[in-house]
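Novice: Provided herewith: query_15.txt, compact mmCIF, C-alpha atoms and all ligand atoms.
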```txt
# COMPACT_ATOMS: atom_id res chain seq x y z
CA MET P 1 -42.14 239.39 97.46
CA ALA P 2 -43.29 235.84 98.15
CA PHE P 3 -46.53 235.02 99.96
CA THR P 4 -45.81 233.57 103.38
CA PHE P 5 -46.51 234.28 107.03
CA PHE P 6 -45.50 233.26 110.55
CA PHE P 7 -47.26 230.16 111.90
CA ARG P 8 -48.52 229.14 108.46
CA ASP P 9 -49.31 225.39 108.52
CA GLU P 10 -48.43 225.20 112.20
CA GLN P 11 -50.12 221.81 112.54
CA ILE P 12 -47.83 220.03 110.08
CA LEU P 13 -44.74 221.83 111.37
CA SER P 14 -45.59 220.78 114.95
CA LEU P 15 -46.11 217.22 113.80
CA ALA P 16 -42.68 217.28 112.13
CA VAL P 17 -41.16 218.53 115.39
CA GLN P 18 -42.84 215.66 117.26
CA LYS P 19 -41.41 213.10 114.82
CA LEU P 20 -38.00 214.77 114.59
CA VAL P 21 -37.17 215.16 118.27
CA PRO P 22 -36.77 211.41 119.02
CA LEU P 23 -34.56 211.07 115.93
CA THR P 24 -32.20 213.73 117.27
CA MET P 25 -31.72 212.30 120.77
CA GLY P 26 -28.04 212.08 121.66
CA ARG P 27 -26.89 213.61 118.39
CA SER P 28 -24.58 216.62 118.32
CA ASN P 29 -25.22 217.59 114.71
CA VAL P 30 -28.79 217.84 113.45
CA GLN P 31 -29.22 219.49 110.05
CA ILE P 32 -32.53 220.78 108.68
CA LEU P 33 -33.20 222.25 105.24
CA ASN P 34 -35.94 224.85 104.73
CA ALA P 35 -36.22 224.98 100.94
CA GLY P 36 -38.07 228.00 99.52
CA CYS P 37 -37.91 229.80 102.86
CA ALA P 38 -39.09 233.11 101.35
CA MET P 39 -38.58 235.82 104.00
CA GLY P 40 -37.80 233.36 106.78
CA MET P 41 -41.20 233.36 108.50
CA GLU P 42 -41.53 229.60 108.04
CA THR P 43 -37.92 229.12 109.15
CA TYR P 44 -38.37 231.01 112.42
CA THR P 45 -41.79 229.46 113.05
CA PHE P 46 -40.13 226.06 112.89
CA ALA P 47 -37.24 227.26 115.06
CA ILE P 48 -39.72 228.48 117.71
CA LEU P 49 -41.66 225.19 117.69
CA LEU P 50 -38.40 223.27 117.94
CA ALA P 51 -37.11 225.44 120.80
CA GLU P 52 -40.38 224.93 122.68
CA SER P 53 -40.11 221.18 122.29
CA MET P 54 -36.36 220.54 122.63
CA GLY P 55 -35.25 223.13 125.11
CA LYS P 56 -32.15 225.29 124.91
CA PHE P 57 -29.55 222.62 125.51
CA ALA P 58 -30.54 220.24 122.71
CA LEU P 59 -31.22 223.17 120.41
CA ARG P 60 -27.51 224.00 120.34
CA ASN P 61 -26.97 220.89 118.23
CA VAL P 62 -29.39 221.97 115.49
CA LYS P 63 -28.76 224.01 112.35
CA ILE P 64 -31.43 225.17 109.91
CA HIS P 65 -30.26 225.89 106.41
CA ALA P 66 -32.80 228.25 104.83
CA ILE P 67 -32.59 228.71 101.08
CA ASP P 68 -34.51 230.58 98.41
CA ILE P 69 -33.89 231.50 94.79
CA ASP P 70 -34.97 235.08 95.30
CA ASN P 71 -32.48 237.48 96.80
CA GLU P 72 -35.23 239.95 97.53
CA ASN P 73 -36.75 237.34 99.80
CA VAL P 74 -33.73 236.04 101.65
CA ASP P 75 -32.18 239.48 101.97
CA PHE P 76 -35.22 241.68 102.15
CA GLY P 77 -33.02 244.72 102.73
CA LYS P 78 -30.84 242.61 105.07
CA THR P 79 -33.61 242.57 107.67
CA VAL P 80 -34.44 238.88 107.16
CA THR P 81 -30.85 237.70 107.43
CA ASP P 82 -30.58 239.78 110.60
CA GLY P 83 -33.86 238.31 111.95
CA ILE P 84 -35.67 241.68 111.96
CA TYR P 85 -39.37 241.96 111.03
CA HIS P 86 -41.95 244.73 111.00
CA LYS P 87 -44.64 244.34 113.67
CA GLU P 88 -47.27 243.84 110.94
CA HIS P 89 -45.67 240.51 110.06
CA LEU P 90 -45.60 239.30 113.64
CA GLN P 91 -49.26 239.46 114.56
CA ARG P 92 -50.01 235.76 114.05
CA ILE P 93 -47.40 234.67 116.58
CA PRO P 94 -49.04 233.59 119.86
CA ALA P 95 -48.47 236.36 122.43
CA ASP P 96 -46.48 234.23 124.88
CA LEU P 97 -44.10 233.04 122.15
CA PHE P 98 -43.74 236.55 120.78
CA GLN P 99 -42.75 237.78 124.26
CA LYS P 100 -40.29 234.95 124.64
CA TYR P 101 -38.53 235.05 121.28
CA PHE P 102 -38.67 238.68 120.06
CA SER P 103 -37.43 242.00 121.38
CA PRO P 104 -37.67 245.54 119.97
CA ALA P 105 -35.12 246.32 117.27
CA GLU P 106 -33.45 249.69 116.88
CA LYS P 107 -35.87 250.83 114.20
CA GLU P 108 -39.32 251.80 115.43
CA ASP P 109 -42.04 249.14 114.89
CA TYR P 110 -39.45 246.45 114.10
CA PHE P 111 -38.63 243.45 116.28
CA ILE P 112 -35.63 241.13 116.29
CA VAL P 113 -35.63 237.35 116.76
CA SER P 114 -33.77 236.16 119.86
CA PRO P 115 -30.05 235.33 119.36
CA GLU P 116 -30.59 231.67 120.32
CA LEU P 117 -32.92 231.26 117.31
CA ARG P 118 -30.88 233.44 114.97
CA ASN P 119 -27.82 231.31 115.70
CA LEU P 120 -29.67 228.26 114.41
CA VAL P 121 -30.35 229.67 110.98
CA GLN P 122 -28.17 230.23 107.96
CA PHE P 123 -29.80 231.88 104.92
CA GLN P 124 -28.49 231.32 101.43
CA LYS P 125 -29.56 232.20 97.90
CA TYR P 126 -29.91 228.92 96.00
CA ASP P 127 -31.84 227.62 92.99
CA LEU P 128 -33.31 224.18 93.65
CA LEU P 129 -33.50 223.50 89.93
CA THR P 130 -29.70 223.42 89.67
CA LEU P 131 -30.16 220.06 91.44
CA LYS P 132 -26.80 220.47 93.18
CA PRO P 133 -27.10 218.70 96.54
CA LEU P 134 -26.14 220.98 99.43
CA ARG P 135 -25.34 218.29 102.02
CA ASN P 136 -26.19 214.63 102.54
CA ASP P 137 -26.97 214.62 106.25
CA TYR P 138 -30.29 216.39 106.63
CA SER P 139 -32.71 214.94 109.17
CA LEU P 140 -35.60 216.98 107.78
CA VAL P 141 -36.41 218.87 104.60
CA ILE P 142 -39.28 221.37 104.75
CA CYS P 143 -40.41 222.29 101.26
CA LYS P 144 -43.87 223.83 101.33
CA ASN P 145 -45.61 225.83 98.62
CA VAL P 146 -42.57 225.59 96.37
CA LEU P 147 -43.02 222.41 94.34
CA LEU P 148 -46.19 223.85 92.80
CA HIS P 149 -43.92 226.22 90.84
CA PHE P 150 -42.29 223.27 89.08
CA ASN P 151 -43.49 220.90 86.35
CA TYR P 152 -43.94 217.19 87.06
CA GLN P 153 -40.48 216.16 85.84
CA GLN P 154 -38.81 218.93 87.85
CA ARG P 155 -40.73 217.83 90.97
CA ILE P 156 -39.44 214.28 90.52
CA GLU P 157 -35.88 215.58 90.15
CA VAL P 158 -36.06 217.90 93.15
CA ILE P 159 -37.68 215.28 95.42
CA THR P 160 -35.08 212.72 94.29
CA MET P 161 -32.40 215.23 95.27
CA TYR P 162 -34.06 215.58 98.70
CA HIS P 163 -33.99 211.80 99.03
CA ASN P 164 -30.24 211.83 98.35
CA MET P 165 -29.69 214.68 100.83
CA LEU P 166 -31.62 213.01 103.67
CA LEU P 167 -30.22 210.57 106.20
CA ASN P 168 -31.94 207.19 106.33
CA GLY P 169 -35.19 207.66 108.22
CA GLY P 170 -35.05 211.41 107.54
CA LEU P 171 -38.27 213.34 106.99
CA LEU P 172 -39.71 215.39 104.14
CA ILE P 173 -42.64 217.80 104.43
CA MET P 174 -44.41 219.09 101.34
CA GLU P 175 -47.50 221.28 101.03
CA ASN P 176 -50.81 219.47 101.45
CA THR P 177 -51.84 220.15 97.86
CA GLN P 178 -48.85 218.13 96.66
CA SER P 179 -48.69 214.35 96.56
CA MET P 180 -45.66 212.15 96.16
CA PRO P 181 -45.13 211.31 92.46
CA VAL P 182 -45.89 207.59 91.96
CA GLU P 183 -42.40 207.06 90.52
CA LEU P 184 -40.95 207.93 93.95
CA GLY P 185 -43.37 205.78 95.97
CA PRO P 186 -40.70 203.16 96.81
CA LYS P 187 -38.33 205.81 98.17
CA PHE P 188 -40.62 207.29 100.84
CA LYS P 189 -43.19 206.11 103.37
CA LYS P 190 -46.12 208.49 104.05
CA LEU P 191 -46.43 208.85 107.81
CA VAL P 192 -49.94 210.29 108.23
CA ASP P 193 -53.09 210.38 106.12
CA TYR P 194 -53.89 214.05 106.60
CA ALA P 195 -50.56 215.67 105.70
CA GLN P 196 -47.64 215.35 103.32
CA LEU P 197 -45.11 214.11 105.84
CA HIS P 198 -42.85 211.40 104.42
CA GLU P 199 -40.01 209.31 105.77
CA LYS P 200 -37.03 208.32 103.63
CA ILE P 201 -36.88 204.55 103.13
C1 LIG P 301 -45.10 230.73 98.17
S1 LIG P 301 -43.47 230.89 98.78
C2 LIG P 301 -43.51 229.69 100.08
C3 LIG P 301 -42.83 230.17 101.30
C4 LIG P 301 -42.89 229.20 102.48
N1 LIG P 301 -42.25 227.95 102.17
C5 LIG P 301 -44.30 228.98 102.93
O1 LIG P 301 -44.86 227.90 102.72
O2 LIG P 301 -44.87 229.93 103.49
C6 LIG P 301 -42.53 230.04 97.51
C7 LIG P 301 -41.03 230.33 97.60
O3 LIG P 301 -40.33 229.41 96.75
C8 LIG P 301 -39.24 230.09 96.18
N2 LIG P 301 -38.77 229.38 94.98
C9 LIG P 301 -39.41 229.26 93.79
N3 LIG P 301 -38.63 228.59 92.91
C10 LIG P 301 -37.49 228.27 93.57
C11 LIG P 301 -36.28 227.60 93.18
N4 LIG P 301 -36.12 227.13 91.93
N5 LIG P 301 -35.31 227.45 94.10
C12 LIG P 301 -35.46 227.93 95.37
N6 LIG P 301 -36.57 228.60 95.77
C13 LIG P 301 -37.56 228.78 94.89
C14 LIG P 301 -39.82 231.48 95.87
O4 LIG P 301 -38.80 232.46 95.67
C15 LIG P 301 -40.68 231.73 97.11
O5 LIG P 301 -39.97 232.42 98.10
```
Would you mind giving the structure from this file in structure tokens?
Ligand SMILES: C[S@@+](CC[C@H](N)C(=O)[O-])C[C@H]1O[C@@H](n2cnc3c(N)ncnc32)[C@H](O)[C@@H]1O

Specialist:
Amino acid sequence: MAFTFFFRDEQILSLAVQKLVPLTMGRSNVQILNAGCAMGMETYTFAILLAESMGKFALRNVKIHAIDIDNENVDFGKTVTDGIYHKEHLQRIPADLFQKYFSPAEKEDYFIVSPELRNLVQFQKYDLLTLKPLRNDYSLVICKNVLLHFNYQQRIEVITMYHNMLLNGGLLIMENTQSMPVELGPKFKKLVDYAQLHEKI
């Protein structure tokens, strides 16, 4: 099972929400890719932050496509795809947000994500290294703690694919330990000094 947790890297995810929301104003179709979503904790963290910032109405126009190579992660005994998590995994969620977006599931000690957030997310098994673009209209790609699994050439290929899949002005988040390969410098503008948030040029 992959290492991940709810509200990991909240600061950079919140910053992405801040930058994304103005880009989505007046749009009825906003697509987001969460690449290497593991068991969906990052996906639902982002969905919660987005819901808090956008409100229910605008949220209806958003879809989050969450992909991972590992079936065990994206399926996780079907609980992840159903938005169901054991209480142990939910402890880092701020209490008010937990109250707002989770309710008890049928199974004891398990909780289910609210339908409004579940409706945003579609999980899919997918290997990034096939380099087959999924869509070409993403406004944001979140790819954290994934690129470190790849060699330098593979990183260039995967980030180039992200560039092709993003709309002009679309955003890419990578983990902070990753920097943009110099070869791709002309394709992206780094938006802040302290995080790997890039805008497609
Ligand atoms: C350390 S987890 C990161 C999870 C989450 N993004 C986070 O930051 O908490 C890395 C994830 O990348 C996935 N991954 C590794 N290689 C991949 C590939 N070629 N295609 C898609 N996902 C991949 C792994 O299965 C794993 O779930």

Novice: With all atoms listed in the file as the basis for distance, which of P:Lys107, P:His89, P:Arg135, P:Lys100 is at the shortest distance from Gln31 of chain P?

Specialist: P:Arg135

Novice: Given all atoms listed in the file as the basis, pick out the residue of P:Thr130, P:Gln124, P:Gln153, P:Ser114 nearest to Asn34 of chain P.

Specialist: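 Selected residue with least distance to Asn34 of chain P: P:Gln124.
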
Novice: Taking only C-alpha atoms and all ligand atoms into account, report as an NGL selection string which residues have an atom no farther than 9 Å from an atom of ligand LIG 301 (chain P).

Specialist: :P and (1-9 or 34-43 or 67-74 or 125-130 or 142-150 or 174-175)

Novice: Just how far from atom CA of Ala51 of chain P is atom CA of Val158 of chain P, in Å to one decimal?

Specialist: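 Calculated distance between atom CA of Val158 of chain P and atom CA of Ala51 of chain P is 28.7 Å.
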
Novice: Applying 9 Å and all atoms listed in the file, which residues near Ala16 of chain P remain after dropping the ones on its own chain fewer than 6 positions away? List them as a PyMOL selection string.

Specialist: chain P and resi 140+171-173+197

Novice: May I ask which of the residues P:Asn61, P:Ile84, P:Asn176, P:Val30 is the closest one to Asn136 of chain P, counting all atoms listed in the file?

Specialist: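 Closest residue, counting all atoms listed in the file: P:Val30.
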
Novice: The residues within 7 Å of (-33.4, 219.1, 111.3), using all atoms listed in the file and the coordinates of the file, should be reported as an MDAnalysis selection string; which are they?

Specialist: chainID P and resid 30:33 62:64 138:140

Novice: Return as lines of an AutoDock Vina configuration file the box centre and box size in Å, one decimal, for an axis-aligned box around all listed atoms of segment 132-137 of chain P padded by 4 Å per side.

Specialist:
```
center_x = -26.2
center_y = 217.8
center_z = 99.7
size_x = 9.8
size_y = 14.4
size_z = 21.1
```

Novice: Find the residue from P:Gln18, P:Lys78, P:Arg60, P:Gly83 that sits nearest to Tyr44 of chain P; use only C-alpha atoms when measuring.

Specialist: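 For Tyr44 of chain P, the nearest of the given residues is P:Gly83.
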
Novice: Rounded to one decimal, what separation in Å do you get between atom CA of Gln178 of chain P and atom CA of Ile201 of chain P?

Specialist: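 Pair atom CA of Gln178 of chain P / atom CA of Ile201 of chain P returns 19.2 Å.
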
Novice: Find the residues around Pro186 of chain P up to 12 Å (all atoms listed in the file counted), leave out those fewer than 4 positions away in its own chain, and share them as a PyMOL selection string.

Specialist: chain P and resi 160+163+180-182+190+198-201

Novice: Quick one: of P:Thr81, P:Ser53, P:Asn29, P:Asn151, who's nearest to Ala66 of chain P, counting all atoms listed in the file?

Specialist: P:Thr81

Novice: Report, in Å with one decimal, the straight-line distance from atom CA of Asp82 of chain P to atom CA of Ile12 of chain P.

Specialist: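 Answer for the atom CA of Asp82 of chain P to atom CA of Ile12 of chain P separation: 26.2 Å.
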
Novice: Determine the nearest neighbour of Asp137 of chain P from the options P:Ala58, P:Ala195, P:Leu50, P:Leu166, counting only C-alpha atoms.

Specialist: P:Leu166

Novice: N, CA and C atoms are what I want for segment 114-132 of chain P; can you complete it accordingly and write them as a tab-separated table (two decimals), keeping the file's coordinate frame?

Specialist:
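Output (result-v6.tsv):
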```tsv
chain	number	residue	atom	x	y	z
P	114	SER	N	-34.76	236.36	118.80
P	114	SER	CA	-33.77	236.16	119.86
P	114	SER	C	-32.49	235.53	119.29
P	115	PRO	N	-31.33	235.86	119.88
P	115	PRO	CA	-30.05	235.33	119.36
P	115	PRO	C	-30.02	233.81	119.32
P	116	GLU	N	-30.65	233.15	120.31
P	116	GLU	CA	-30.59	231.67	120.32
P	116	GLU	C	-31.24	231.09	119.06
P	117	LEU	N	-32.29	231.75	118.55
P	117	LEU	CA	-32.92	231.26	117.31
P	117	LEU	C	-32.13	231.71	116.09
P	118	ARG	N	-31.65	232.94	116.13
P	118	ARG	CA	-30.88	233.44	114.97
P	118	ARG	C	-29.64	232.58	114.73
P	119	ASN	N	-29.04	232.12	115.84
P	119	ASN	CA	-27.82	231.31	115.70
P	119	ASN	C	-28.08	229.97	115.03
P	120	LEU	N	-29.35	229.55	115.03
P	120	LEU	CA	-29.67	228.26	114.41
P	120	LEU	C	-29.69	228.34	112.90
P	121	VAL	N	-29.95	229.55	112.38
P	121	VAL	CA	-30.35	229.67	110.98
P	121	VAL	C	-29.26	230.27	110.12
P	122	GLN	N	-29.06	229.64	108.96
P	122	GLN	CA	-28.17	230.23	107.96
P	122	GLN	C	-28.96	230.39	106.67
P	123	PHE	N	-29.06	231.63	106.16
P	123	PHE	CA	-29.80	231.88	104.92
P	123	PHE	C	-28.83	231.86	103.74
P	124	GLN	N	-29.34	231.37	102.63
P	124	GLN	CA	-28.49	231.32	101.43
P	124	GLN	C	-29.36	231.43	100.18
P	125	LYS	N	-28.87	232.17	99.20
P	125	LYS	CA	-29.56	232.20	97.90
P	125	LYS	C	-29.19	230.92	97.16
P	126	TYR	N	-30.19	230.22	96.65
P	126	TYR	CA	-29.91	228.92	96.00
P	126	TYR	C	-31.09	228.54	95.12
P	127	ASP	N	-30.79	228.05	93.92
P	127	ASP	CA	-31.84	227.62	92.99
P	127	ASP	C	-31.95	226.10	93.04
P	128	LEU	N	-33.10	225.63	93.53
P	128	LEU	CA	-33.31	224.18	93.65
P	128	LEU	C	-33.15	223.47	92.31
P	129	LEU	N	-33.50	224.17	91.23
P	129	LEU	CA	-33.50	223.50	89.93
P	129	LEU	C	-32.08	223.27	89.38
P	130	THR	N	-31.08	223.79	90.07
P	130	THR	CA	-29.70	223.42	89.67
P	130	THR	C	-29.44	221.97	90.06
P	131	LEU	N	-30.26	221.46	91.00
P	131	LEU	CA	-30.16	220.06	91.44
P	131	LEU	C	-28.79	219.72	92.01
P	132	LYS	N	-28.11	220.73	92.55
P	132	LYS	CA	-26.80	220.47	93.18
P	132	LYS	C	-27.04	220.22	94.67
```
